[in-house]
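Visitor: Here it is: the structure, laid out below.
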Amino acid sequence: MYSFLMQVYCNQKVRYPVLLTPNEKQMARDVCIAFRQAVCGFDLLRCEGRSYVCDVNGWSFVKNSYKYYDDSACVLRKMLLDAKAPHLSSAIPPTLPWKVNEPVQPSEGLTRQGSGIIGRFGQSEELRCVIAIIRHGDRTPKQKVKLKVTEEKLLNLMLKYNGGRPRSETKLKSAVQLQDLLDATRILVPRTRPGRESDSEAEDFEHAEKLRQVKAVLEEGGHFSGIYRKVQLKPLKWVKVPKSNGEGEEERPVEALMVLKYGGVLTHAGRKQAEELGRYFRNNMYPGEGTGLLRLHSTYRHDLKIYSSDEGRVQMSAAAFAKGLLDLEGQLTPILVSLVSKDSSMLDGLDNASSEMEEAKARLNEIITSAAKIVHSNGSSECPWMTDGAGLPSNASELLPKLVTLTKKVTEQVRLLAKDEDEELTETSSYEVIPPYDQAKALGKINIDIDRIDAGLPCGSEGFLLMYARWKKLERDLYNERKVRFDITQIPDVYDSCKYDLLHNAHLNLEGLDELFKVSQLLADGVIPNEYGINPKQRLKIGSKIARRLLGKILIDLRNTREEAISVAELKCNEDQQSTSKKSEKEDTDYQLKLSIKNDDVRRTSTTSDISMDQDDDDDKETKYRLDPKYANVKTPGRHVRTRLYFTSESHIHSLMNVLRYCNLDESLQGEDSLVCQNALERLYKTKELDYMSYIVLRMFENTEVALEDPKRFRIEMTFSRGADLSPLEEHTLPIMGPERLQEVGSYPTLEKMEMMFRPFAMPAEDFPPPSTPAGFSGYFSKSAVLERLVNLWPFHKHDKHASANGK
């Protein structure tokens with residue numbers, strides 16, 4: 001007999017014994033045999049459902065673990081009996097005699113998983129699942145530069161990276177590609193800025209200005225660490241030219257469209273927001289005054305998965321949130337790699353509803369620019385949100401000219417600041433950016449850049465030249481003077497840019513910025529919600545198209561949680577009816593195997609088939625990795641809470657909220673009450689903006705005193721937060737508003753009703769594509785090469801040559 005013990009550690013060094021799998025027990029036996037000792041300590045690394053011995057400590061001495069002392073006593077007893085009474089050794093059971101019928105002792109002072117952020121629930125209720133859909137944190141304004149290029153160097157660069165195909169577009173993202181583009185742009189940008197008088201055409205001047213902007217963007221930070229800039233080159237015109245060998249002709253591009261996208265980077269305030277919201281979730285969404293989740297997580301009773309869209313700001317928000325949620329230490333990048341899965345097909349893009357959104361924007365433009373009165377044919381004074389264009393200010397058409405005037409006023413002030421900066425750059429070096437700013441390193445800190453602010457420079461990586469380009473583009477796109485036409489799609493961008501400068505660049509004292517913010521906010525509060533549908537039925541249609549896959553995944557999450565809870569409840573009920581005269585380590589293993597078989601049976605009989613987006617969860621792993629109930633010192637060792645966190649952009653938050661609000665308007669659900677109560681509908685109508693870190697939370701509770709087949713056994717609590725709110729400007733942050741109910745107190749939909757209301761708009765489980773390892777992290781999670789990659793990731797491995805050269 002051998003003694004081996006696996007323990008789980010949390011930040012406070014509290015240890016919890018967990019049950020080993022049969023394979024892990026065999027590994028432990030092999031280690032003990034190899035080291036020729038019956039009591040042996042070693043560390044196991046569990047990854048992707050497999051286990052690896054990563055450290056052997058020899059004789060183990062585990063403090064404060066009754067499991068260790070009991071196992072050691074059994075080993076010592078067997079050694080003595082083998083030596084002096086071998087005929088008794090095999091007859092005596094391996095467990096201690098006073099442990100045979102001893103009941104599991106719950107820990108004093110532990111609370112049930114019933115109380116939460118809003119109100120208290122019955123002692124018979126337990127939290128089973130937390131699903132949160134969260135928008136990313138505060139970011140820099142998203143920017144785009146478009147220009148047509150005919151320069152030979154740029155056209156050759158396009159051919160270099162598209163395989164020499166004259167009609168194929170090229171995307172430049174890597175550091176090498178962007179450096180090539182920067183080198184070419186530096187040669188093409190004029191060293192001096194020509195005056196308008198010397199230019200024959202205004203277009204030449206504008207082209208030179210855009211090239212200068214491209215150069216400034218690529219020079220940010222002094223190097224390409226972190227991909228927050230990308231360029232697209234798309235050929236527009238071709239000509240036939242003789243081949244170099246003189247045999248025949250070939251096509252050659254002579255004009256291409258260059259599109260540079262940059263900005264939209266998580267700010268120091270955004271990271272702080274995400275971390276603080278993670279801590280708030282830890283302290284309020286789970287019980288135990290802040291330690292409940294950590295205790296749950298560290299004892300293998302918390303099933304956590306975090307998903308993110310493809311955008312960098314969303315991924316970094318997810319990593320910062322995870323750091324606050326689990327009270328982690330260190331940089332965000334390792335947290336991102338180990339805890340966050342990228343799923344762009346579920347959380348990115350608006351392509352599925354692009355035509356419907358264009359239709360909504362066209363109708364919205366008609367309402368605003370024609371100064372037409374909003375028709376109340378579809379709504380009433382009691383339900384104003386049912387009206388076409390609900391939320392638009394009545395004087396929207398009058399506010400537009402004022403918006404243009406104020407934008408020009410701010411732009412002119414920034415132009416003068418940019419002119420001064422440009423003169424300084426000319427005096428030093430055309431290639432030098434002052435001051436250098438590393439965007440990648442900036443993501444690793446929370447504090448603002450005091451030195452830049454004290455020097456009167458813009459916050460973050462943006463210089464005055466790029467700040468001017470940002471405002472000039474808004475001024476140009478917002479109103480076309482030649483056609484006398486407003487572009488209402490620019491209103492959210494003006495508001496976004498204005499809010500950013502008001503929050504982060506207040507020290508620049510731009511005159512009129514406060515007034516511009518108020519005007520743009522009035523218009524944006526009406527425009528943004530209506531871009532996702534001009535009325536409730538259109539919002540439901542657009543929302544279901546955008547969030548279809550996310551809605552399907554949420555249903556899968558809830559279904560899997562219910563199945564597991566029922567399986568555990570049935571097994572526990574069966575065990576209570578059986579005699580428990582003997583409890584051995586073998587029976588503990590049998591319990592886990594039975595639970596695994598039971599879960600498999602339930603899944604196979606599920607109405608949604610056995611297809612699940614959580615195939616990467618490894619269901620067997622969830623049932624194997626459990627506490628030892630005899631030694632866990634936990635009140636409910638069999639309990640399991642599932643947490644799914646989805647980090648995304650504003651479009652998915654609006655889309656999901658619109659489905660929650662208006663799903664009962666679908667023809668198949670006529671007569672059903674809305675999932676959202678009337679009071680919450682009114683508050684949502686007045687909320688307008690779902691700002692940074694806004695979130696929607698679904699929590700599922702199980703009433704253990706209700707029969708398993710009763711629909712009331714599982715209920716759903718829905719809350720939301722409108723996210724960030726402006727705070728004193730010197731703080732450079734936006735505090736997150738607390739959660740609000742979406743239902744009346746004491747009135748909650750059952751899981752059965754939630755499924756019925758969601759199903760018409762959700763992707764069916766059988767339509768989900770097979771799970772795949774995220775492209776960005778494909779190298780880190782391969783089962784066949786886990787240990788090799790861990791070695792390659794180790795710091796000293798990468799610098800071993802350098803270290804040895806220095807004698808270290």
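Note on naming: chains are A, B, ... as they come in the structure tokens, residues start from 1 per chain, ligands start from 1 in the order shown.
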What residues in region 468-497 of chain A get the DSSP label strand (DSSP E or B)? Please answer as a list of chain:residue names.
Guide: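 Filtering region 468-497 of chain A to strand (DSSP E or B) leaves A:Tyr479, A:Asn480, A:Arg485, A:Phe486.
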Visitor: If you count only C-alpha atoms, which residues fall within 7 Å of Thr750 (chain A), apart from same-chain ones fewer than 6 positions away, as a ChimeraX atom specification?
Guide: /A:711-712,714-716
Visitor: Please produce a file of the residues just selected, as a short mmCIF file (atom, residue, chain, number, x, y, z; two decimals), in the first residue's frame, where the atoms kept are N, CA and C atoms.
Guide:
```cif
data_model
loop_
_atom_site.label_atom_id
_atom_site.label_comp_id
_atom_site.auth_asym_id
_atom_site.auth_seq_id
_atom_site.Cartn_x
_atom_site.Cartn_y
_atom_site.Cartn_z
N PRO A 711 -40.70 22.17 -13.02
CA PRO A 711 -40.02 23.29 -13.70
C PRO A 711 -39.54 24.37 -12.75
N LYS A 712 -40.17 24.46 -11.58
CA LYS A 712 -39.80 25.51 -10.63
C LYS A 712 -38.50 25.19 -9.88
N PHE A 714 -35.56 25.04 -11.15
CA PHE A 714 -34.51 25.92 -11.65
C PHE A 714 -35.11 27.24 -12.11
N ARG A 715 -34.58 28.33 -11.61
CA ARG A 715 -35.07 29.66 -12.01
C ARG A 715 -33.89 30.53 -12.41
N ILE A 716 -34.20 31.57 -13.18
CA ILE A 716 -33.17 32.46 -13.72
C ILE A 716 -33.37 33.87 -13.17
#
```
Visitor: Using only C-alpha atoms for the distances, tell me which of A:Arg363, A:Arg282, A:Lys25, A:His652 is nearest to Ala322 (chain A).
Guide: A:Arg282
Visitor: Which residue, A:Asn509, A:Gln143, A:Ser694, A:Gln743, has the smallest gap to Gln678 (chain A) when you use only C-alpha atoms?
Guide: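 Once distances to Gln678 (chain A) are computed over only C-alpha atoms, the minimum belongs to A:Gln743.
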Visitor: Quick check, in Å to one decimal: how far apart do CA of Glu667 (chain A) and CA of Glu755 (chain A) lie?
Guide: 16.3 Å
